[in-house]
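Have a look at work-v7.pdb below; it lists PDB, C-alpha atoms.
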MODEL        1
ATOM      1  CA  MET A   5      -5.699  63.327  -4.662
ATOM      2  CA  THR A   6      -8.705  63.514  -6.997
ATOM      3  CA  TYR A   7      -9.179  59.773  -6.544
ATOM      4  CA  LEU A   8      -9.084  60.170  -2.760
ATOM      5  CA  TYR A   9     -11.632  62.981  -2.940
ATOM      6  CA  HIS A  10     -14.032  60.832  -4.988
ATOM      7  CA  LEU A  11     -13.406  57.929  -2.629
ATOM      8  CA  ILE A  12     -14.570  60.064   0.308
ATOM      9  CA  GLU A  13     -17.623  61.165  -1.680
ATOM     10  CA  GLN A  14     -18.639  57.592  -2.558
ATOM     11  CA  TYR A  15     -17.582  55.696   0.570
ATOM     12  CA  GLY A  16     -17.577  58.448   3.165
ATOM     13  CA  LEU A  17     -19.652  56.555   5.745
ATOM     14  CA  ILE A  18     -17.432  53.476   5.574
ATOM     15  CA  ILE A  19     -14.300  55.623   5.812
ATOM     16  CA  VAL A  20     -15.735  57.481   8.815
ATOM     17  CA  PHE A  21     -16.580  54.201  10.553
ATOM     18  CA  LEU A  22     -13.106  52.724  10.015
ATOM     19  CA  ASN A  23     -11.277  55.969  10.843
ATOM     20  CA  VAL A  24     -13.175  56.571  14.094
ATOM     21  CA  LEU A  25     -12.872  52.906  15.088
ATOM     22  CA  THR A  26      -9.103  52.758  14.556
ATOM     23  CA  GLU A  27      -8.476  56.106  16.243
ATOM     24  CA  GLN A  28     -10.499  55.163  19.329
ATOM     25  CA  LEU A  29      -8.711  51.817  19.475
ATOM     26  CA  GLY A  30      -5.480  53.777  19.861
ATOM     27  CA  ALA A  31      -4.000  54.218  16.383
ATOM     28  CA  PRO A  32      -2.515  57.693  15.712
ATOM     29  CA  ILE A  33      -4.903  58.362  12.807
ATOM     30  CA  PRO A  34      -6.949  61.499  13.590
ATOM     31  CA  ALA A  35     -10.631  61.066  12.747
ATOM     32  CA  TYR A  36     -11.642  64.702  13.181
ATOM     33  CA  PRO A  37     -10.482  65.871   9.706
ATOM     34  CA  THR A  38     -12.495  63.044   8.143
ATOM     35  CA  LEU A  39     -15.568  63.973  10.182
ATOM     36  CA  VAL A  40     -15.251  67.640   9.241
ATOM     37  CA  ILE A  41     -14.889  66.838   5.524
ATOM     38  CA  THR A  42     -17.812  64.391   5.533
ATOM     39  CA  GLY A  43     -19.799  66.936   7.530
ATOM     40  CA  ALA A  44     -19.300  69.417   4.685
ATOM     41  CA  LEU A  45     -20.410  66.769   2.170
ATOM     42  CA  ALA A  46     -23.469  65.949   4.300
ATOM     43  CA  TYR A  47     -24.356  69.656   4.330
ATOM     44  CA  ARG A  48     -24.464  69.493   0.522
ATOM     45  CA  GLY A  49     -26.827  66.497   0.704
ATOM     46  CA  GLN A  50     -24.288  63.760  -0.069
ATOM     47  CA  TYR A  51     -25.711  61.646   2.764
ATOM     48  CA  PRO A  52     -27.994  62.235   5.788
ATOM     49  CA  VAL A  53     -26.403  64.088   8.703
ATOM     50  CA  ALA A  54     -28.185  61.829  11.210
ATOM     51  CA  LEU A  55     -26.780  58.709   9.549
ATOM     52  CA  LEU A  56     -23.261  60.177   9.510
ATOM     53  CA  LEU A  57     -23.538  60.962  13.218
ATOM     54  CA  LEU A  58     -24.888  57.489  13.987
ATOM     55  CA  VAL A  59     -22.036  55.788  12.126
ATOM     56  CA  ALA A  60     -19.415  57.818  14.038
ATOM     57  CA  VAL A  61     -21.060  57.152  17.408
ATOM     58  CA  VAL A  62     -21.392  53.410  16.798
ATOM     59  CA  ALA A  63     -17.735  53.145  15.744
ATOM     60  CA  ALA A  64     -16.596  55.046  18.839
ATOM     61  CA  LEU A  65     -18.812  52.956  21.130
ATOM     62  CA  ILE A  66     -17.460  49.694  19.723
ATOM     63  CA  ALA A  67     -13.842  50.755  20.300
ATOM     64  CA  ASP A  68     -14.521  52.195  23.747
ATOM     65  CA  TYR A  69     -16.464  49.117  24.812
ATOM     66  CA  VAL A  70     -13.478  46.952  23.867
ATOM     67  CA  TRP A  71     -11.317  48.990  26.241
ATOM     68  CA  TYR A  72     -14.049  48.912  28.887
ATOM     69  CA  LEU A  73     -14.146  45.099  28.780
ATOM     70  CA  ALA A  74     -10.339  44.983  28.839
ATOM     71  CA  GLY A  75     -10.371  47.176  31.941
ATOM     72  CA  ARG A  76     -12.865  44.888  33.668
ATOM     73  CA  ARG A  77     -10.803  41.805  32.867
ATOM     74  CA  TYR A  78      -7.216  43.000  33.265
ATOM     75  CA  GLY A  79      -7.588  45.935  35.647
ATOM     76  CA  ARG A  80      -4.866  48.554  35.887
ATOM     77  CA  ARG A  81      -2.474  46.556  33.709
ATOM     78  CA  ILE A  82      -4.404  47.502  30.580
ATOM     79  CA  MET A  83      -4.037  51.240  31.382
ATOM     80  CA  SER A  84      -0.283  50.878  31.695
ATOM     81  CA  THR A  85      -0.240  49.060  28.364
ATOM     82  CA  LEU A  86      -2.260  51.863  26.769
ATOM     83  CA  CYS A  87       0.186  54.486  27.993
ATOM     84  CA  ARG A  88       3.146  52.499  26.692
ATOM     85  CA  ILE A  89       1.739  52.414  23.160
ATOM     86  CA  SER A  90       0.291  55.917  23.301
ATOM     87  CA  LEU A  91       1.988  58.887  21.648
ATOM     88  CA  SER A  92       0.958  61.001  24.640
ATOM     89  CA  PRO A  93       3.278  61.480  27.635
ATOM     90  CA  ASP A  94       3.391  58.685  30.212
ATOM     91  CA  SER A  95       1.684  60.709  32.934
ATOM     92  CA  CYS A  96      -1.611  59.855  31.221
ATOM     93  CA  VAL A  97      -2.630  57.268  33.860
ATOM     94  CA  ARG A  98      -2.254  59.820  36.650
ATOM     95  CA  GLN A  99      -4.104  62.537  34.733
ATOM     96  CA  THR A 100      -6.909  60.183  33.739
ATOM     97  CA  GLU A 101      -7.356  58.908  37.284
ATOM     98  CA  SER A 102      -7.437  62.472  38.573
ATOM     99  CA  ILE A 103     -10.196  63.495  36.150
ATOM    100  CA  TYR A 104     -12.203  60.282  36.494
ATOM    101  CA  SER A 105     -12.007  60.198  40.308
ATOM    102  CA  ARG A 106     -13.409  63.739  40.392
ATOM    103  CA  TRP A 107     -16.194  63.463  37.811
ATOM    104  CA  GLY A 108     -16.793  59.728  37.490
ATOM    105  CA  ALA A 109     -18.632  58.457  34.413
ATOM    106  CA  ARG A 110     -19.680  62.019  33.556
ATOM    107  CA  SER A 111     -16.083  62.696  32.473
ATOM    108  CA  LEU A 112     -16.802  60.456  29.458
ATOM    109  CA  LEU A 113     -18.946  63.281  28.084
ATOM    110  CA  VAL A 114     -15.810  65.274  27.275
ATOM    111  CA  ALA A 115     -13.239  62.444  27.153
ATOM    112  CA  LYS A 116     -12.751  62.588  23.392
ATOM    113  CA  PHE A 117     -11.917  66.278  23.476
ATOM    114  CA  ILE A 118      -8.908  65.598  25.755
ATOM    115  CA  PRO A 119      -5.877  64.112  23.934
ATOM    116  CA  GLY A 120      -4.925  60.689  25.255
ATOM    117  CA  PHE A 121      -7.891  60.486  27.639
ATOM    118  CA  ALA A 122     -10.674  58.601  25.856
ATOM    119  CA  SER A 123      -9.207  55.082  25.597
ATOM    120  CA  ILE A 124      -7.688  55.152  29.073
ATOM    121  CA  ALA A 125     -10.905  56.545  30.575
ATOM    122  CA  SER A 126     -12.864  53.681  28.999
ATOM    123  CA  ALA A 127     -10.430  51.134  30.438
ATOM    124  CA  LEU A 128     -10.533  52.888  33.811
ATOM    125  CA  ALA A 129     -14.342  52.803  33.793
ATOM    126  CA  GLY A 130     -14.153  49.027  33.507
ATOM    127  CA  THR A 131     -11.407  48.784  36.125
ATOM    128  CA  VAL A 132     -13.284  50.727  38.815
ATOM    129  CA  GLY A 133     -16.537  48.861  38.166
ATOM    130  CA  THR A 134     -18.646  51.492  36.405
ATOM    131  CA  SER A 135     -21.884  49.750  35.411
ATOM    132  CA  ARG A 136     -22.252  48.750  31.770
ATOM    133  CA  GLY A 137     -25.431  50.800  31.322
ATOM    134  CA  LYS A 138     -23.940  53.964  32.788
ATOM    135  CA  PHE A 139     -20.786  53.561  30.692
ATOM    136  CA  ILE A 140     -22.704  53.127  27.432
ATOM    137  CA  LEU A 141     -24.992  56.058  28.244
ATOM    138  CA  TYR A 142     -22.283  58.598  29.038
ATOM    139  CA  ASP A 143     -19.813  57.304  26.467
ATOM    140  CA  GLY A 144     -22.495  57.350  23.753
ATOM    141  CA  LEU A 145     -23.500  60.912  24.644
ATOM    142  CA  GLY A 146     -19.847  61.952  24.700
ATOM    143  CA  ALA A 147     -19.240  60.350  21.289
ATOM    144  CA  ALA A 148     -22.310  62.095  19.872
ATOM    145  CA  LEU A 149     -21.128  65.450  21.219
ATOM    146  CA  TRP A 150     -17.594  64.932  19.881
ATOM    147  CA  ALA A 151     -18.688  63.795  16.404
ATOM    148  CA  GLY A 152     -21.548  66.288  16.285
ATOM    149  CA  VAL A 153     -19.211  69.246  16.806
ATOM    150  CA  ALA A 154     -16.993  68.064  13.929
ATOM    151  CA  ILE A 155     -19.952  67.548  11.591
ATOM    152  CA  PHE A 156     -21.365  70.953  12.552
ATOM    153  CA  LEU A 157     -17.999  72.597  11.831
ATOM    154  CA  GLY A 158     -17.906  70.831   8.467
ATOM    155  CA  GLY A 159     -21.317  72.201   7.589
ATOM    156  CA  LEU A 160     -20.501  75.656   8.924
ATOM    157  CA  PHE A 161     -17.287  75.972   6.915
ATOM    158  CA  ASN A 162     -18.260  73.796   3.964
ATOM    159  CA  THR A 163     -17.333  76.471   1.414
ATOM    160  CA  ALA A 164     -13.835  76.885   2.818
ATOM    161  CA  ILE A 165     -13.399  73.106   3.033
ATOM    162  CA  ASP A 166     -14.483  72.754  -0.603
ATOM    163  CA  ASP A 167     -11.897  75.357  -1.590
ATOM    164  CA  VAL A 168      -9.122  73.488   0.249
ATOM    165  CA  LEU A 169     -10.136  70.139  -1.258
ATOM    166  CA  ASN A 170     -10.311  71.661  -4.736
ATOM    167  CA  VAL A 171      -6.820  73.137  -4.363
ATOM    168  CA  LEU A 172      -5.486  69.748  -3.210
ATOM    169  CA  ALA A 173      -7.261  68.028  -6.094
ATOM    170  CA  GLU A 174      -5.699  70.475  -8.580
ATOM    171  CA  LEU A 175      -2.281  69.751  -7.120
ATOM    172  CA  GLY A 176      -2.760  66.065  -7.912
ATOM    173  CA  GLN A 177      -0.031  63.855  -6.463
ATOM    174  CA  TYR A 178       1.536  66.882  -4.796
ATOM    175  CA  GLY A 179      -1.691  67.414  -2.871
ATOM    176  CA  MET A 180      -1.505  63.823  -1.664
ATOM    177  CA  MET A 181       2.088  64.429  -0.645
ATOM    178  CA  LEU A 182       1.031  67.460   1.405
ATOM    179  CA  VAL A 183      -1.548  65.348   3.248
ATOM    180  CA  ALA A 184       1.058  62.621   3.888
ATOM    181  CA  ILE A 185       3.601  65.183   5.104
ATOM    182  CA  GLY A 186       1.010  66.733   7.426
ATOM    183  CA  PHE A 187       0.253  63.333   8.933
ATOM    184  CA  ALA A 188       3.959  62.534   9.306
ATOM    185  CA  VAL A 189       4.575  65.875  11.055
ATOM    186  CA  PHE A 190       1.698  65.162  13.448
ATOM    187  CA  VAL A 191       3.076  61.727  14.423
ATOM    188  CA  ALA A 192       6.650  63.035  14.639
ATOM    189  CA  SER A 193       5.631  65.908  16.922
ATOM    190  CA  LYS A 194       3.845  63.513  19.258
ATOM    191  CA  TRP A 195       6.852  61.174  19.266
ATOM    192  CA  TRP A 196       9.213  64.056  20.007
ATOM    193  CA  GLN A 197       6.961  65.266  22.818
ATOM    194  CA  ARG A 198       7.037  61.786  24.358
ATOM    195  CA  ARG A 199      10.819  61.446  23.917
ATOM    196  CA  ARG A 200      11.466  64.857  25.493
ATOM    197  CA  PHE A 201       9.176  63.974  28.396
ATOM    198  CA  ARG A 202      11.026  60.702  29.017
ATOM    199  CA  LYS A 203      14.387  62.467  28.746
ATOM    200  CA  SER A 204      13.342  64.943  31.418
ATOM    201  CA  LEU A 205      12.673  62.067  33.836
ATOM    202  CA  GLU A 206      16.031  60.343  33.493
ATOM    203  CA  MET A 207      17.641  59.816  36.926
ATOM    204  CA  ALA A 208      19.004  57.081  39.157
ATOM    205  CA  ARG A 209      16.410  54.536  40.271
ATOM    206  CA  ILE A 210      16.220  51.845  42.922
ATOM    207  CA  SER A 211      14.961  48.293  42.332
ATOM    208  CA  VAL A 212      12.401  46.591  44.546
ATOM    209  CA  GLY A 213      15.087  44.111  45.619
ATOM    210  CA  GLU A 214      17.390  46.936  46.734
ATOM    211  CA  LEU A 215      14.571  48.612  48.665
ATOM    212  CA  ASP A 216      13.660  45.360  50.392
ATOM    213  CA  GLY A 217      17.342  44.878  51.277
ATOM    214  CA  LEU A 218      17.476  48.354  52.839
ATOM    215  CA  LEU A 219      14.385  47.673  54.938
ATOM    216  CA  LYS A 220      15.689  44.290  56.133
ATOM    217  CA  SER A 221      19.053  45.815  57.073
ATOM    218  CA  GLY A 222      17.338  48.312  59.348
ATOM    219  CA  VAL A 223      17.755  51.330  57.080
ATOM    220  CA  ARG A 224      14.469  53.247  57.009
ATOM    221  CA  PRO A 225      14.293  55.523  53.960
ATOM    222  CA  THR A 226      11.338  57.857  53.588
ATOM    223  CA  ILE A 227       8.986  56.092  51.172
ATOM    224  CA  VAL A 228       6.420  58.196  49.323
ATOM    225  CA  ASP A 229       3.351  56.855  47.482
ATOM    226  CA  VAL A 230       2.145  59.270  44.773
ATOM    227  CA  ARG A 231      -0.695  57.201  43.322
ATOM    228  CA  SER A 232      -4.323  58.325  43.263
ATOM    229  CA  PRO A 233      -6.304  57.943  46.519
ATOM    230  CA  ALA A 234      -8.372  55.116  44.991
ATOM    231  CA  SER A 235      -5.219  53.163  44.114
ATOM    232  CA  GLN A 236      -3.666  53.838  47.512
ATOM    233  CA  GLN A 237      -6.653  52.218  49.219
ATOM    234  CA  ALA A 238      -5.733  48.892  47.609
ATOM    235  CA  GLY A 239      -2.555  48.741  49.708
ATOM    236  CA  ARG A 240       0.836  50.411  49.907
ATOM    237  CA  ILE A 241       4.431  49.603  50.768
ATOM    238  CA  PRO A 242       4.710  49.368  54.585
ATOM    239  CA  GLY A 243       5.470  52.733  56.163
ATOM    240  CA  ALA A 244       4.900  54.759  53.006
ATOM    241  CA  LEU A 245       3.683  58.338  53.195
ATOM    242  CA  THR A 246       0.961  59.253  50.712
ATOM    243  CA  ILE A 247       0.749  62.234  48.398
ATOM    244  CA  SER A 248      -2.467  62.491  46.411
ATOM    245  CA  ASN A 249      -1.986  62.754  42.676
ATOM    246  CA  GLN A 250      -3.935  66.029  42.827
ATOM    247  CA  GLU A 251      -1.240  67.402  45.172
ATOM    248  CA  ILE A 252       1.807  66.516  43.079
ATOM    249  CA  GLN A 253       2.480  70.170  42.215
ATOM    250  CA  THR A 254       1.784  71.621  45.701
ATOM    251  CA  PHE A 255       2.459  68.924  48.331
ATOM    252  CA  ALA A 256       4.050  69.680  51.713
ATOM    253  CA  PHE A 257       7.064  67.575  52.687
ATOM    254  CA  ASP A 258       9.039  67.869  55.924
ATOM    255  CA  ALA A 259      11.361  64.840  55.990
ATOM    256  CA  PRO A 260      14.967  65.588  57.063
ATOM    257  CA  MET A 261      17.116  66.773  54.166
ATOM    258  CA  GLU A 262      19.702  64.058  54.786
ATOM    259  CA  ASP A 263      17.126  61.247  54.472
ATOM    260  CA  GLU A 264      17.059  58.936  51.499
ATOM    261  CA  VAL A 265      13.671  59.303  49.775
ATOM    262  CA  ILE A 266      12.110  56.577  47.639
ATOM    263  CA  VAL A 267       9.128  57.600  45.504
ATOM    264  CA  TYR A 268       6.837  55.129  43.755
ATOM    265  CA  CYS A 269       3.697  55.119  41.619
ATOM    266  CA  ALA A 270       1.846  52.706  39.319
ATOM    267  CA  CYS A 271       2.545  54.242  35.925
ATOM    268  CA  PRO A 272       4.768  53.475  32.924
ATOM    269  CA  ASN A 273       8.396  54.585  33.290
ATOM    270  CA  GLU A 274       7.660  55.712  36.864
ATOM    271  CA  ALA A 275       6.515  59.030  35.384
ATOM    272  CA  SER A 276       4.626  60.424  38.380
ATOM    273  CA  ALA A 277       7.297  59.212  40.815
ATOM    274  CA  ALA A 278      10.032  60.853  38.745
ATOM    275  CA  LEU A 279       8.104  64.145  38.590
ATOM    276  CA  VAL A 280       7.836  64.225  42.393
ATOM    277  CA  ALA A 281      11.490  63.177  42.755
ATOM    278  CA  LYS A 282      12.528  66.096  40.525
ATOM    279  CA  GLN A 283      10.541  68.504  42.683
ATOM    280  CA  LEU A 284      12.120  67.164  45.879
ATOM    281  CA  MET A 285      15.587  67.529  44.378
ATOM    282  CA  ARG A 286      14.811  71.152  43.500
ATOM    283  CA  ARG A 287      13.815  71.658  47.153
ATOM    284  CA  GLY A 288      17.243  70.505  48.277
ATOM    285  CA  TYR A 289      16.890  66.753  48.797
ATOM    286  CA  LYS A 290      19.938  65.001  47.331
ATOM    287  CA  ARG A 291      19.157  61.315  47.843
ATOM    288  CA  VAL A 292      15.891  60.852  45.948
ATOM    289  CA  ARG A 293      15.151  57.872  43.696
ATOM    290  CA  PRO A 294      12.003  56.542  41.999
ATOM    291  CA  LEU A 295      11.233  52.845  42.520
ATOM    292  CA  THR A 296      11.698  50.912  39.285
ATOM    293  CA  GLY A 297       8.425  49.252  38.302
ATOM    294  CA  GLY A 298       6.529  50.965  41.122
ATOM    295  CA  ILE A 299       4.008  49.155  43.289
ATOM    296  CA  ASP A 300       3.332  46.583  40.563
ATOM    297  CA  ALA A 301       6.942  45.378  40.633
ATOM    298  CA  TRP A 302       6.877  45.339  44.449
ATOM    299  CA  VAL A 303       3.759  43.147  44.546
ATOM    300  CA  ALA A 304       4.979  40.930  41.683
ATOM    301  CA  ALA A 305       8.166  40.237  43.668
ATOM    302  CA  GLY A 306       6.055  38.896  46.525
ATOM    303  CA  TYR A 307       6.759  41.672  49.042
ATOM    304  CA  SER A 308       4.060  42.617  51.524
ATOM    305  CA  VAL A 309       1.741  45.627  51.399
ATOM    306  CA  GLU A 310      -0.267  47.249  54.174
ATOM    307  CA  ALA A 311      -3.788  48.646  54.123
TER
ENDMDL
END

In C-alpha cells, write the structure found in this file.
Amino acid sequence: MTYLYHLIEQYGLIIVFLNVLTEQLGAPIPAYPTLVITGALAYRGQYPVALLLLVAVVAALIADYVWYLAGRRYGRRIMSTLCRISLSPDSCVRQTESIYSRWGARSLLVAKFIPGFASIASALAGTVGTSRGKFILYDGLGAALWAGVAIFLGGLFNTAIDDVLNVLAELGQYGMMLVAIGFAVFVASKWWQRRRFRKSLEMARISVGELDGLLKSGVRPTIVDVRSPASQQAGRIPGALTISNQEIQTFAFDAPMEDEVIVYCACPNEASAALVAKQLMRRGYKRVRPLTGGIDAWVAAGYSVEA
C-alpha cells in the first residue's frame, strides 16, 4: 500500500489519464477516487491543479470522441453493444434517449454524473448527427465540471484523505486488500443489480417469424411500439400502436382484455418491452409477450416497416 501511495505521488497525472480514459471507454474502474486523491495532492502543491484538470478532461474527451465516432458509423447498434457490456441495467438505451431527446447536447454537461449515461450519450450524439463542434464543446465542459468537482472535493477534504491514506499505508498489504475488496464489492453489486433486473424481466417471448406467421394467417394481435419518438419516426411494424418512452410508467391502453398483445423495442434483452408487458399483465392482460430481438430482428429478417 505504501508503494501504491508513492506511485500516485510520483505518477499521479499518468494514473489519472489512464484511469479516466479506461473508465470513460466503459471499464468498471471508477476514476473519481483517483481524482479526489490527486486533488488532495494538488492542494498540497504536488502538481498544478490546472494541469491535473486538463489531463482529466483530455482523457475523457478522447474516450467520448471514440464513442461519438462509433455512433456516427454504426448508429444504434453501438448503443446496444454498450448496454450489453455495461454493468448498468439494460434499460440504459431508453433512459439515455429520453434524457438526450429532451435536452440535446446540453445533457452532456451532466452526463458523467449519471451512472451508465456518459458513454451511451456520446454514442447517441454521433448517431443523431450532433455536430462535431457542439459535441466537443458540451462534452469538454461536462468533463471539466465532473473532474473539477472531484478535484475540489480532494482539496476541501485533503486532511481527511491524508488520514485515510496514512491508515491504509500503515496497514501495509492489508490496506491493499481492503482496497481490492472494496473494488470487488463495487463490481459484484453492479453485477447483482443487473442480474436481478434481468431476472425480473423473464417471461414468454415471441419470435419475429412467429409474429409474421400470425399476421399472414389473418390473426391481428395488438402490436405496441415502446421506442423513443425519434426512433419511431424511422419506421415501425405495420399496424403498431406507439407508446412514448416517457410514457412507459403512465400510458393509457384500451385494447380488449382478450387480445394478444405483442410489445417491442430496440434495446438489449427487450428490456423496455418487458417492462411494459409486465405492467399490462398487472392490469389484467393475460396474453402479453415481448418480441425477441425487437425492431432490429424484424428488419434483419427482411419484414416490412411502415412510416

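Picked by the PyMOL selection byres ((chain A and resi 26) around 12) from the coordinates shown: Ile19, Val20, Phe21, Leu22, Asn23, Val24, Leu25, Glu27, Gln28, Leu29, Gly30, Ala31, Pro32, Ile33, Pro34, Ala35, Ala60, Ala63, Ala64, Leu65, Ile66, Ala67, Asp68, Val70 and Ser123 of chain A.
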
What do you get, as an mmCIF file with C-alpha atoms, in the coordinates of the input, if you spell out every residue that the PyMOL selection byres ((chain A and resi 216-232) around 6) selects here?
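Result file selection.cif:
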data_model
loop_
_atom_site.group_PDB
_atom_site.id
_atom_site.type_symbol
_atom_site.label_atom_id
_atom_site.label_comp_id
_atom_site.auth_asym_id
_atom_site.auth_seq_id
_atom_site.Cartn_x
_atom_site.Cartn_y
_atom_site.Cartn_z
ATOM 1 C CA GLY A 213 15.087 44.111 45.619
ATOM 2 C CA GLU A 214 17.390 46.936 46.734
ATOM 3 C CA LEU A 215 14.571 48.612 48.665
ATOM 4 C CA PRO A 233 -6.304 57.943 46.519
ATOM 5 C CA ALA A 234 -8.372 55.116 44.991
ATOM 6 C CA SER A 235 -5.219 53.163 44.114
ATOM 7 C CA ALA A 244 4.900 54.759 53.006
ATOM 8 C CA LEU A 245 3.683 58.338 53.195
ATOM 9 C CA THR A 246 0.961 59.253 50.712
ATOM 10 C CA ILE A 247 0.749 62.234 48.398
ATOM 11 C CA SER A 248 -2.467 62.491 46.411
ATOM 12 C CA ASN A 249 -1.986 62.754 42.676
ATOM 13 C CA GLU A 264 17.059 58.936 51.499
ATOM 14 C CA VAL A 265 13.671 59.303 49.775
ATOM 15 C CA ILE A 266 12.110 56.577 47.639
ATOM 16 C CA VAL A 267 9.128 57.600 45.504
ATOM 17 C CA TYR A 268 6.837 55.129 43.755
ATOM 18 C CA CYS A 269 3.697 55.119 41.619
#

Rounded to one decimal, what separation in Å do you get between atom CA of Ile18 of chain A and atom CA of Ala44 of chain A? 16.1 Å

Using the chain letters and numbers from this file, what does the PyMOL selection byres ((chain A and resi 110) around 12) select? Give the answer as a list in words. Ile103, Tyr104, Ser105, Arg106, Trp107, Gly108, Ala109, Ser111, Leu112, Leu113, Val114, Ala115, Ala125, Ser126, Ala129, Thr134, Lys138, Phe139, Ile140, Leu141, Tyr142, Asp143, Gly144, Leu145 and Gly146 of chain A

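Atom CA of Leu128 of chain A is found 17.8 Å from atom CA of Ile299 of chain A.
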
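Taking only C-alpha atoms, the non-local environment of Ala151 of chain A within 7 Å (same-chain residues fewer than 4 positions away omitted) comprises Leu39, Leu57, Ala60, Ala147 and Ile155 of chain A.
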
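Nearest to Val132 of chain A of all the residues A:Leu58, A:Leu160, A:Ala74, A:Ala270 is A:Ala74, based on only C-alpha atoms.
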
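With distances taken over all atoms listed in the file, A:Ala54 is the one residue among A:Ile82, A:Ala54, A:Leu73, A:Val59 lying closest to Phe156 of chain A.
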
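Between atom CA of Thr296 of chain A and atom CA of Glu274 of chain A the separation is 6.7 Å.
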
Centre and edge lengths of an axis-aligned box around all listed atoms of segment 47-66 of chain A, with 6 Å added on each side, are to be given in Å to one decimal, as lines of an AutoDock Vina configuration file.
center_x = -22.4
center_y = 59.7
center_z = 10.5
size_x = 23.6
size_y = 32.0
size_z = 33.2

Shell of 8 Å around Leu56 of chain A, all atoms listed in the file, local chain residues under 3 positions omitted, as number ranges by chain: A: 17, 42-43, 46, 51-53, 59-60
